[in-house]
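Q: First the structure, then my questions, so here it is.
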Amino acid sequence: MNATAHIGVTGLAVMGRNLARNFARHGYTVAVHNRTPSRTRSLVQDFGHEGTFVPAETAREFVDALQRPRRLMIMVQAGAATDAVIEEFAPLLEPGDMMIDGGNAHFADTRRREAALRERGIHFVGAGVSGGEEGALNGPSIMPGGSKEAYAVLGPMLETISAHVDGEPCSTHIGTDGAGHFVKMVHNGIEYADMQLIAEAYDLLRQVAEYSPAEIGAIFRTWNQGRLNSYLIEITAEVLSHTDADTGRPFVDVVADAAGQKGTGRWTVQTALDLGTPVTTVAQAAFARSASSRPSLRTAYRSLPGGTRVPLSRSEAERFTAQVEQALYASKVIAYDQGFTLIQDAAAEYGWDIDFGAVAGIWRGGCIIRAAFLDRIRAAHTADPSLVSLLADTSFADEVIAAQVPWREAVASAARRGIATPAFAAALAYYDTLRAGRLPAALLQGQRDYFGAHTYRRTDREGSFHTHWEQPERPETSA
């Protein structure tokens, strides 16, 4: 077989098939392979008119079809399946060739694989791909890690097929080894938080202001014309406006209220705990999904009393709607800020040189969390590459300061009425925790010293100290 393909894609489920088509549509010759050959033949039969595909039934045929340095993209299930594909193809590759994992791999697995293949002279690129099947076909946001040498060869192709905003590609080299998959994981964690915040806003407008789903859909359309403009707000308006064809009821009322998750949100929280990064809004969003899927617990709690529901007048409902918009925006800023803080902490831990402005830039298009205010996040991090928090940027700080009173009113209204807003409340608590001049952590340190002699630090002199609590006079000694 002649080596004519610019890139190869193995694993032709929806995402792999659509990425292969995307490459072909942009003029690249694409070798395609799947464990089940019929899927390979089906792709060529159905979409061969879109570009040039080179079908391969065996691993050897697939590798032989690729131009050197070979670019082999793996689009199979994360975990053992990815390892199996690597073990099948790596022996057929040569030093300088590239393997690209475009799945939702855990970044630690990517780091392990990159190190092992580097010893064999093979570049391994963990590339986060966001945008779902539509993005994969028409332009996703792509977050590739790996070596700079690999990106120099592969990057132009990824930039070509990615989404573009204002003429700029939504793909950039994130950093070495697992940096790309880490940033994709955090993207998904922010996605969890963003979706939960939007759901809580809907719930408040439904239960407190007593708007119908269609009316709330109209409110969301209005919000989407302002600072909350985003893909998730846009599709939320569509979902809320949809009527179920079978029953004539609002679609949202016939859908089971138990949300699933595929794991990336959970990974974000677990990794944040390992790094000591307080991603509280993301965590509450993940836990909210878990709680929604526990029917026995929900049944046990259901008959217990909640708050008091007081109907609002039309003018009060309109005022409350404005409060919810402020709460949603401020909480959204906190959620994104927590995500960027997690990336900063990981970069310090793993030695990644990450351009945070560039990360915000490639999230402006193609991906699920694309939003208008990412332009401002990019500008803030570009103006100050060492920016520790979005709230250290004057424009974001001013907005959150302006929102804090209605934000508190919205959360308080929910608590008085017995309506759960875990993500709103977590974002507000995070804001109040970090702005506090003094925290009750001092008492925690005293407790730890009392029961475990863990020592504590003082505010008036350097060093670590321990109080001998068992002695009546409780003397203090330096540790």
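By order of appearance in the structure tokens: chains A, B, ..., then residues from 1 within every chain, and ligands from 1 in the order shown.
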As a ChimeraX atom specification, please: every residue in region 9-254 of chain A that DSSP puts in strand (DSSP E or B).

A: /A:9-10,30-33,53-55,66,71-74,98-101,123-130,141-144,164-165,168-169,171,230,243,250

Q: Export, as a PDB file, in the first residue's frame, the selected residues with C-alpha atoms.

A:
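Output file part-v4.pdb follows:
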```pdb
ATOM      1  CA  VAL A   9      -7.993   7.588  12.508  1.00  0.00           C
ATOM      2  CA  THR A  10      -8.614   4.269  14.244  1.00  0.00           C
ATOM      3  CA  VAL A  30      -7.291  10.132   5.805  1.00  0.00           C
ATOM      4  CA  ALA A  31      -6.534   6.485   6.504  1.00  0.00           C
ATOM      5  CA  VAL A  32      -9.412   4.913   8.415  1.00  0.00           C
ATOM      6  CA  HIS A  33      -9.451   1.734  10.476  1.00  0.00           C
ATOM      7  CA  PHE A  53     -10.234   8.117   2.515  1.00  0.00           C
ATOM      8  CA  VAL A  54      -7.876   5.139   2.542  1.00  0.00           C
ATOM      9  CA  PRO A  55      -9.647   2.196   4.176  1.00  0.00           C
ATOM     10  CA  LEU A  66       0.491   6.840   6.568  1.00  0.00           C
ATOM     11  CA  ARG A  71       0.191  10.632  12.551  1.00  0.00           C
ATOM     12  CA  LEU A  72      -2.129   8.029  14.055  1.00  0.00           C
ATOM     13  CA  MET A  73      -5.201   9.231  15.943  1.00  0.00           C
ATOM     14  CA  ILE A  74      -6.828   6.895  18.467  1.00  0.00           C
ATOM     15  CA  MET A  98       3.028  10.248  16.506  1.00  0.00           C
ATOM     16  CA  MET A  99       0.124   8.641  18.317  1.00  0.00           C
ATOM     17  CA  ILE A 100      -2.702  11.009  19.238  1.00  0.00           C
ATOM     18  CA  ASP A 101      -5.298  10.034  21.832  1.00  0.00           C
ATOM     19  CA  HIS A 123       5.580  11.054  20.298  1.00  0.00           C
ATOM     20  CA  PHE A 124       2.371  10.576  22.271  1.00  0.00           C
ATOM     21  CA  VAL A 125      -0.119  13.434  22.168  1.00  0.00           C
ATOM     22  CA  GLY A 126      -3.058  13.490  24.566  1.00  0.00           C
ATOM     23  CA  ALA A 127      -5.555  15.772  22.839  1.00  0.00           C
ATOM     24  CA  GLY A 128      -8.755  16.860  24.533  1.00  0.00           C
ATOM     25  CA  VAL A 129     -11.536  17.300  21.982  1.00  0.00           C
ATOM     26  CA  SER A 130     -14.690  19.178  22.976  1.00  0.00           C
ATOM     27  CA  SER A 141     -12.102  22.999  20.455  1.00  0.00           C
ATOM     28  CA  ILE A 142      -8.907  20.937  20.613  1.00  0.00           C
ATOM     29  CA  MET A 143      -6.522  20.833  23.587  1.00  0.00           C
ATOM     30  CA  PRO A 144      -3.376  18.888  22.594  1.00  0.00           C
ATOM     31  CA  HIS A 164     -12.442  29.376  14.469  1.00  0.00           C
ATOM     32  CA  VAL A 165     -13.471  32.579  16.252  1.00  0.00           C
ATOM     33  CA  GLU A 168      -8.362  32.397  15.158  1.00  0.00           C
ATOM     34  CA  PRO A 169      -8.235  28.599  15.553  1.00  0.00           C
ATOM     35  CA  SER A 171      -6.547  24.767  19.097  1.00  0.00           C
ATOM     36  CA  SER A 230     -23.198  31.268  25.758  1.00  0.00           C
ATOM     37  CA  THR A 243     -43.299  20.746  24.057  1.00  0.00           C
ATOM     38  CA  PRO A 250     -43.529  20.940  28.592  1.00  0.00           C
TER      39      PRO A 250
END
```

Q: So that I can check the surroundings of Ala20 (chain A), please list as a PyMOL selection string every protein, DNA and RNA residue that reaches within 12 Å of it, counting only C-alpha atoms and ignoring chain neighbours fewer than 6 positions away.

A: chain A and resi 5-14+26-34+40+43-44+47-48+50-55+72-75+102+133+136-139+157-158+161

Q: Between CA of Gly178 (chain A) and CA of Ala105 (chain A), measure the distance and give it in Å to one decimal.

A: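 If I compute the distance from CA of Gly178 (chain A) to CA of Ala105 (chain A), I get 9.4 Å.
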
Q: With a distance cut-off of 10 Å and only C-alpha atoms, select the neighbouring residues of Gly263 (chain A), excluding the residue or stretch itself and same-chain residues fewer than 3 positions from it, and output the selection as a compact mmCIF listing (two decimals) with C-alpha atoms, in the first residue's frame.

A:
```
# COMPACT_ATOMS: atom_id res chain seq x y z
CA ASN A 104 -11.45 11.47 27.30
CA HIS A 106 -7.45 10.53 32.50
CA MET A 185 -10.91 17.47 32.23
CA ASN A 188 -15.69 19.31 31.65
CA GLY A 189 -15.66 20.16 35.35
CA GLY A 260 -26.00 10.87 34.93
CA ARG A 266 -15.76 13.38 39.24
CA TRP A 267 -12.13 13.29 38.08
CA THR A 268 -11.98 17.07 38.36
CA ALA A 286 -21.09 16.70 40.66
```

Q: So what do you get for CA of Lys262 (chain A) versus CA of Gly16 (chain A), distance-wise?

A: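 Rounded to one decimal, the two atoms are 18.2 Å apart.
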
Q: For a test of reading the model, state the distance in Å between CA of Ser315 (chain A) and CA of Ile235 (chain A), rounded to one decimal.

A: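 Straight-line distance from CA of Ser315 (chain A) to CA of Ile235 (chain A) works out to 27.3 Å.
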
Q: Find the spatial neighbours of region 457-468 of chain A, counting only C-alpha atoms, within a cut-off of 6 Å - ignore same-chain residues fewer than 4 positions away - and output them as a PyMOL selection string.

A: chain A and resi 474-479

Q: Need the shell around Ile377 (chain A): protein/DNA/RNA residues with any atom at most 8 Å away, counting only C-alpha atoms. Skip same-chain ones fewer than 6 positions apart. Format as a count of residues only?

A: 3

Q: Calculated over only C-alpha atoms, which of the candidates A:Glu234, A:Glu470, A:Asp449, A:Glu325 has the smallest distance to Ala371 (chain A)?

A: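 Distance minimum relative to Ala371 (chain A) lands on A:Glu234.
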
Q: Rank nothing, just name the residue among A:Glu349, A:Glu191, A:Asp244, A:Asp375 nearest to Ala335 (chain A), using only C-alpha atoms.

A: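 Checking each candidate against Ala335 (chain A), we get A:Glu191 as the closest.
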
Q: Find the residue from A:Glu318, A:Glu114, A:Asp353, A:Asp253 that sits nearest to Ile86 (chain A); use only C-alpha atoms when measuring.

A: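 With only C-alpha atoms as the atom set, the closest residue is A:Glu114.
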
Q: Counting only C-alpha atoms, which residue out of A:Arg319, A:Arg221, A:His173, A:His242 sits closest to Pro406 (chain A)?

A: A:Arg319

Q: Based on DSSP run over this structure's backbone, return all residues of region 12-222 of chain A in alpha helix (DSSP H), as a PyMOL selection string.

A: chain A and resi 14-25+37-47+59-64+80-89+107-118+132-138+148-161+179-207+213-222
